[in-house]
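A.B. asks: Just dropping this structure here.
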Amino acid sequence: QVQLVESGGGLVQAGGSLRLSCAASGRTYTMGWFRQAPGKEREFVAAISWSLTAYADSVKGRFTISRDNAKNTVYLQMNSLKPEDTAVYYCAAEPKATYSDPASYDYWGQGTQVTVSS
């Protein structure tokens, strides 16, 4: 059983930056970030394992996922934010199958709101 706690969300103007953190209760192998806007399905943002990092096309070049293994923490640095990035952001751990499919994950954080104003 893995517990995940996100932090770092908030309100920012378009073009600004935020850094999200996800602290895990133990060591994890693969972690993912997802987001869900009102009325939309949860979508993949980024994932990281020991051997790869991956990004959705919509955030590539603007967002960076990283990890601090000593702290069991994964970060999502978000730059050049756009109003369409507004959503609740969730981290997830240890997918059973495809890392970009939210259905693969059993462990989720509570989510943190990111709002980007125009």
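Labels used: A, B, ... for chains in the order of the structure tokens, numbers from 1 for residues in each chain, and numbers from 1 for ligands as shown.
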Using only C-alpha atoms, which protein or nucleic acid residues come within 10 Å of A:Ile65? Drop anything in the same chain fewer than 6 positions from it, and give the result as a list in words.
C.D. replies: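 Once the nearby chain positions are removed, what remains is Arg19, Leu20, Ser21, Met31, Gly32, Trp33, Val45, Ala46, Ala47, Ile48, Thr53, Ala54, Tyr55, Val74, Tyr75, Leu76, Gln77 and Met78 of chain A.
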A.B. asks: May I have the residues from that selection written out with all heavy atoms, as a CSV table (one decimal), in the first residue's frame?
C.D. replies:
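Output (result.csv):
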chain,number,residue,atom,x,y,z
A,19,ARG,N,5.4,24.6,-9.3
A,19,ARG,CA,6.0,23.3,-9.1
A,19,ARG,C,5.2,22.4,-8.2
A,19,ARG,O,4.9,22.9,-7.0
A,19,ARG,CB,7.4,23.4,-8.6
A,19,ARG,CG,8.2,22.0,-8.6
A,19,ARG,CD,9.6,22.1,-8.1
A,19,ARG,NE,9.7,22.1,-6.7
A,19,ARG,CZ,10.8,21.6,-6.0
A,19,ARG,NH1,11.8,21.2,-6.7
A,19,ARG,NH2,10.8,21.7,-4.7
A,20,LEU,N,4.7,21.3,-8.7
A,20,LEU,CA,3.9,20.4,-7.9
A,20,LEU,C,4.9,19.3,-7.3
A,20,LEU,O,5.9,18.9,-7.9
A,20,LEU,CB,2.9,19.7,-8.7
A,20,LEU,CG,1.9,20.6,-9.5
A,20,LEU,CD1,0.9,19.7,-10.2
A,20,LEU,CD2,1.3,21.6,-8.6
A,21,SER,N,4.5,18.9,-6.1
A,21,SER,CA,5.3,17.8,-5.4
A,21,SER,C,4.3,16.7,-5.1
A,21,SER,O,3.1,16.9,-4.8
A,21,SER,CB,5.9,18.3,-4.1
A,21,SER,OG,6.8,19.4,-4.4
A,31,MET,N,6.1,6.5,-11.4
A,31,MET,CA,5.1,7.5,-10.9
A,31,MET,C,4.6,8.3,-12.1
A,31,MET,O,5.3,8.5,-13.1
A,31,MET,CB,5.8,8.5,-10.0
A,31,MET,CG,6.4,7.9,-8.8
A,31,MET,SD,5.1,7.4,-7.6
A,31,MET,CE,4.6,9.0,-7.0
A,32,GLY,N,3.3,8.7,-12.0
A,32,GLY,CA,2.7,9.4,-13.1
A,32,GLY,C,2.0,10.6,-12.5
A,32,GLY,O,1.6,10.7,-11.4
A,33,TRP,N,1.9,11.7,-13.4
A,33,TRP,CA,1.0,12.8,-13.1
A,33,TRP,C,-0.1,12.8,-14.1
A,33,TRP,O,0.1,12.6,-15.3
A,33,TRP,CB,1.8,14.1,-13.2
A,33,TRP,CG,2.7,14.5,-12.1
A,33,TRP,CD1,4.0,14.3,-12.0
A,33,TRP,CD2,2.3,15.0,-10.8
A,33,TRP,NE1,4.5,14.7,-10.8
A,33,TRP,CE2,3.4,15.2,-10.0
A,33,TRP,CE3,1.1,15.5,-10.3
A,33,TRP,CZ2,3.4,15.7,-8.8
A,33,TRP,CZ3,1.1,16.0,-9.1
A,33,TRP,CH2,2.2,16.1,-8.3
A,45,VAL,N,-0.4,13.3,-18.0
A,45,VAL,CA,0.5,14.5,-18.2
A,45,VAL,C,2.0,14.1,-18.4
A,45,VAL,O,2.6,14.4,-19.3
A,45,VAL,CB,0.4,15.4,-17.0
A,45,VAL,CG1,1.3,16.6,-17.1
A,45,VAL,CG2,-1.1,15.9,-16.9
A,46,ALA,N,2.5,13.3,-17.4
A,46,ALA,CA,3.9,12.9,-17.4
A,46,ALA,C,4.1,11.6,-16.6
A,46,ALA,O,3.3,11.4,-15.7
A,46,ALA,CB,4.8,14.0,-17.0
A,47,ALA,N,5.2,10.9,-16.8
A,47,ALA,CA,5.5,9.8,-16.0
A,47,ALA,C,7.0,9.6,-15.9
A,47,ALA,O,7.7,10.1,-16.8
A,47,ALA,CB,4.9,8.5,-16.6
A,48,ILE,N,7.5,9.0,-14.9
A,48,ILE,CA,8.9,8.8,-14.7
A,48,ILE,C,9.1,7.4,-14.0
A,48,ILE,O,8.4,7.0,-13.2
A,48,ILE,CB,9.5,9.9,-13.8
A,48,ILE,CG1,11.0,9.8,-13.8
A,48,ILE,CG2,8.9,9.9,-12.4
A,48,ILE,CD1,11.7,11.1,-13.2
A,53,THR,N,11.5,9.0,-18.9
A,53,THR,CA,10.5,10.0,-18.6
A,53,THR,C,9.6,10.1,-19.9
A,53,THR,O,10.1,9.9,-21.0
A,53,THR,CB,11.1,11.4,-18.3
A,53,THR,OG1,12.0,11.7,-19.4
A,53,THR,CG2,11.9,11.3,-17.0
A,54,ALA,N,8.4,10.5,-19.7
A,54,ALA,CA,7.4,10.6,-20.8
A,54,ALA,C,6.5,11.7,-20.5
A,54,ALA,O,6.1,12.0,-19.4
A,54,ALA,CB,6.7,9.3,-21.0
A,55,TYR,N,6.0,12.4,-21.6
A,55,TYR,CA,5.1,13.5,-21.5
A,55,TYR,C,4.0,13.4,-22.5
A,55,TYR,O,4.2,12.9,-23.6
A,55,TYR,CB,5.9,14.8,-21.8
A,55,TYR,CG,7.0,15.1,-20.8
A,55,TYR,CD1,8.3,14.6,-21.1
A,55,TYR,CD2,6.8,15.7,-19.6
A,55,TYR,CE1,9.3,14.8,-20.1
A,55,TYR,CE2,7.8,15.9,-18.7
A,55,TYR,CZ,9.1,15.5,-19.0
A,55,TYR,OH,10.1,15.7,-18.1
A,74,VAL,N,8.3,13.0,-6.1
A,74,VAL,CA,8.3,13.3,-7.5
A,74,VAL,C,7.8,14.7,-7.7
A,74,VAL,O,6.9,15.1,-7.0
A,74,VAL,CB,7.4,12.3,-8.3
A,74,VAL,CG1,7.3,12.7,-9.7
A,74,VAL,CG2,8.0,10.9,-8.2
A,75,TYR,N,8.4,15.4,-8.6
A,75,TYR,CA,8.0,16.8,-8.9
A,75,TYR,C,7.5,17.0,-10.3
A,75,TYR,O,7.9,16.2,-11.2
A,75,TYR,CB,9.2,17.7,-8.7
A,75,TYR,CG,9.9,17.6,-7.3
A,75,TYR,CD1,11.0,16.8,-7.1
A,75,TYR,CD2,9.4,18.3,-6.2
A,75,TYR,CE1,11.6,16.6,-5.9
A,75,TYR,CE2,9.9,18.1,-5.0
A,75,TYR,CZ,11.0,17.3,-4.8
A,75,TYR,OH,11.6,17.2,-3.6
A,76,LEU,N,6.7,18.0,-10.5
A,76,LEU,CA,6.3,18.4,-11.8
A,76,LEU,C,6.5,19.9,-11.9
A,76,LEU,O,5.7,20.7,-11.3
A,76,LEU,CB,4.8,18.0,-12.1
A,76,LEU,CG,4.4,18.3,-13.5
A,76,LEU,CD1,5.1,17.3,-14.5
A,76,LEU,CD2,2.8,18.1,-13.7
A,77,GLN,N,7.5,20.3,-12.6
A,77,GLN,CA,7.8,21.7,-12.9
A,77,GLN,C,7.0,22.1,-14.1
A,77,GLN,O,7.2,21.6,-15.2
A,77,GLN,CB,9.3,21.9,-13.1
A,77,GLN,CG,9.7,23.4,-13.4
A,77,GLN,CD,9.4,24.3,-12.2
A,77,GLN,OE1,9.7,24.0,-11.1
A,77,GLN,NE2,8.8,25.5,-12.5
A,78,MET,N,6.1,23.1,-13.9
A,78,MET,CA,5.3,23.6,-15.0
A,78,MET,C,5.6,25.0,-15.3
A,78,MET,O,5.4,25.9,-14.5
A,78,MET,CB,3.8,23.4,-14.6
A,78,MET,CG,3.4,22.0,-14.1
A,78,MET,SD,1.7,21.9,-13.7
A,78,MET,CE,1.5,23.0,-12.3
A.B. asks: Write out as a PyMOL selection string each polymer residue whose atoms come within 8 Å of A:Gly9, counting only C-alpha atoms; drop sequence neighbours fewer than 5 positions from it.
C.D. replies: chain A and resi 18-20+112-115
A.B. asks: I need the helix (DSSP H, G or I) residues of stretch 56-95 of chain A per DSSP on the backbone, written as a VMD selection string.
C.D. replies: chain A and resid 69 to 71 83 to 85
A.B. asks: Please, could you write that set of residues out with all heavy atoms as a PDB file, in the first residue's frame?
C.D. replies:
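Saved as again.pdb:
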ATOM      1  N   ASN A  69      14.910  10.525  -5.016  1.00  0.00           N
ATOM      2  CA  ASN A  69      14.718   9.193  -4.457  1.00  0.00           C
ATOM      3  C   ASN A  69      14.927   9.168  -2.942  1.00  0.00           C
ATOM      4  O   ASN A  69      14.291   8.397  -2.227  1.00  0.00           O
ATOM      5  CB  ASN A  69      15.651   8.205  -5.138  1.00  0.00           C
ATOM      6  CG  ASN A  69      15.317   8.040  -6.599  1.00  0.00           C
ATOM      7  OD1 ASN A  69      14.147   8.062  -6.986  1.00  0.00           O
ATOM      8  ND2 ASN A  69      16.336   7.877  -7.432  1.00  0.00           N
ATOM      9  N   ALA A  70      15.813  10.015  -2.456  1.00  0.00           N
ATOM     10  CA  ALA A  70      16.067  10.050  -1.016  1.00  0.00           C
ATOM     11  C   ALA A  70      14.835  10.501  -0.245  1.00  0.00           C
ATOM     12  O   ALA A  70      14.639  10.136   0.919  1.00  0.00           O
ATOM     13  CB  ALA A  70      17.244  10.965  -0.718  1.00  0.00           C
ATOM     14  N   LYS A  71      14.000  11.323  -0.892  1.00  0.00           N
ATOM     15  CA  LYS A  71      12.796  11.838  -0.241  1.00  0.00           C
ATOM     16  C   LYS A  71      11.532  11.122  -0.705  1.00  0.00           C
ATOM     17  O   LYS A  71      10.429  11.485  -0.284  1.00  0.00           O
ATOM     18  CB  LYS A  71      12.652  13.337  -0.533  1.00  0.00           C
ATOM     19  CG  LYS A  71      13.768  14.189   0.044  1.00  0.00           C
ATOM     20  CD  LYS A  71      13.531  15.662  -0.252  1.00  0.00           C
ATOM     21  CE  LYS A  71      14.633  16.522   0.333  1.00  0.00           C
ATOM     22  NZ  LYS A  71      14.436  17.964   0.047  1.00  0.00           N
ATOM     23  N   PRO A  83      -4.087  28.889 -19.848  1.00  0.00           N
ATOM     24  CA  PRO A  83      -5.393  28.676 -19.213  1.00  0.00           C
ATOM     25  C   PRO A  83      -5.912  27.248 -19.396  1.00  0.00           C
ATOM     26  O   PRO A  83      -6.578  26.717 -18.488  1.00  0.00           O
ATOM     27  CB  PRO A  83      -6.285  29.698 -19.916  1.00  0.00           C
ATOM     28  CG  PRO A  83      -5.351  30.801 -20.291  1.00  0.00           C
ATOM     29  CD  PRO A  83      -4.071  30.109 -20.670  1.00  0.00           C
ATOM     30  N   GLU A  84      -5.592  26.609 -20.495  1.00  0.00           N
ATOM     31  CA  GLU A  84      -6.053  25.236 -20.719  1.00  0.00           C
ATOM     32  C   GLU A  84      -5.337  24.214 -19.854  1.00  0.00           C
ATOM     33  O   GLU A  84      -5.705  23.036 -19.858  1.00  0.00           O
ATOM     34  CB  GLU A  84      -5.927  24.845 -22.203  1.00  0.00           C
ATOM     35  CG  GLU A  84      -4.577  25.118 -22.821  1.00  0.00           C
ATOM     36  CD  GLU A  84      -4.529  26.438 -23.568  1.00  0.00           C
ATOM     37  OE1 GLU A  84      -5.047  27.470 -23.046  1.00  0.00           O
ATOM     38  OE2 GLU A  84      -3.941  26.456 -24.680  1.00  0.00           O
ATOM     39  N   ASP A  85      -4.323  24.636 -19.105  1.00  0.00           N
ATOM     40  CA  ASP A  85      -3.687  23.748 -18.124  1.00  0.00           C
ATOM     41  C   ASP A  85      -4.463  23.698 -16.805  1.00  0.00           C
ATOM     42  O   ASP A  85      -4.123  22.917 -15.918  1.00  0.00           O
ATOM     43  CB  ASP A  85      -2.254  24.214 -17.831  1.00  0.00           C
ATOM     44  CG  ASP A  85      -1.335  24.088 -19.033  1.00  0.00           C
ATOM     45  OD1 ASP A  85      -1.418  23.066 -19.739  1.00  0.00           O
ATOM     46  OD2 ASP A  85      -0.542  25.028 -19.256  1.00  0.00           O
TER      47      ASP A  85
END
A.B. asks: May I have the residues within 9 Å of A:Trp108 as JSON, numbers by chain, using only C-alpha atoms and disregarding those fewer than 2 positions away in the same chain?
C.D. replies: {"A": [2, 3, 4, 5, 90, 91, 92, 93, 105, 106, 110, 111]}
A.B. asks: For each of A:Ala56, A:Leu81, A:Val116, A:Val88, take the minimum atom-to-atom distance to A:Glu6, counting only C-alpha atoms, then give the residue where this is smallest.
C.D. replies: A:Val88
A.B. asks: Compare A:Asn79, A:Pro95, A:Val59, A:Trp50 by their minimum atom-to-atom distance to A:Gly15, counting only C-alpha atoms, and give me the closest one.
C.D. replies: A:Asn79
A.B. asks: DSSP on the backbone, strand (DSSP E or B) only: what residues of chain A does that give? Format it as a VMD selection string.
C.D. replies: chain A and resid 4 to 7 10 to 13 18 to 24 31 to 36 43 to 48 53 to 55 63 to 68 73 to 78 87 to 93 107 to 108 112 to 117
A.B. asks: Which one of A:Gly26, A:Gly39, A:Ser100, A:Ser80 sits closest to A:Gly61 if you count only C-alpha atoms?
C.D. replies: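 Residue with the minimum atom-to-atom distance to A:Gly61: A:Ser80.
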A.B. asks: Hey, which of A:Ala24, A:Ala103, A:Ala97, A:Ala87 ends up closest to A:Asn72? Count only C-alpha atoms.
C.D. replies: A:Ala24
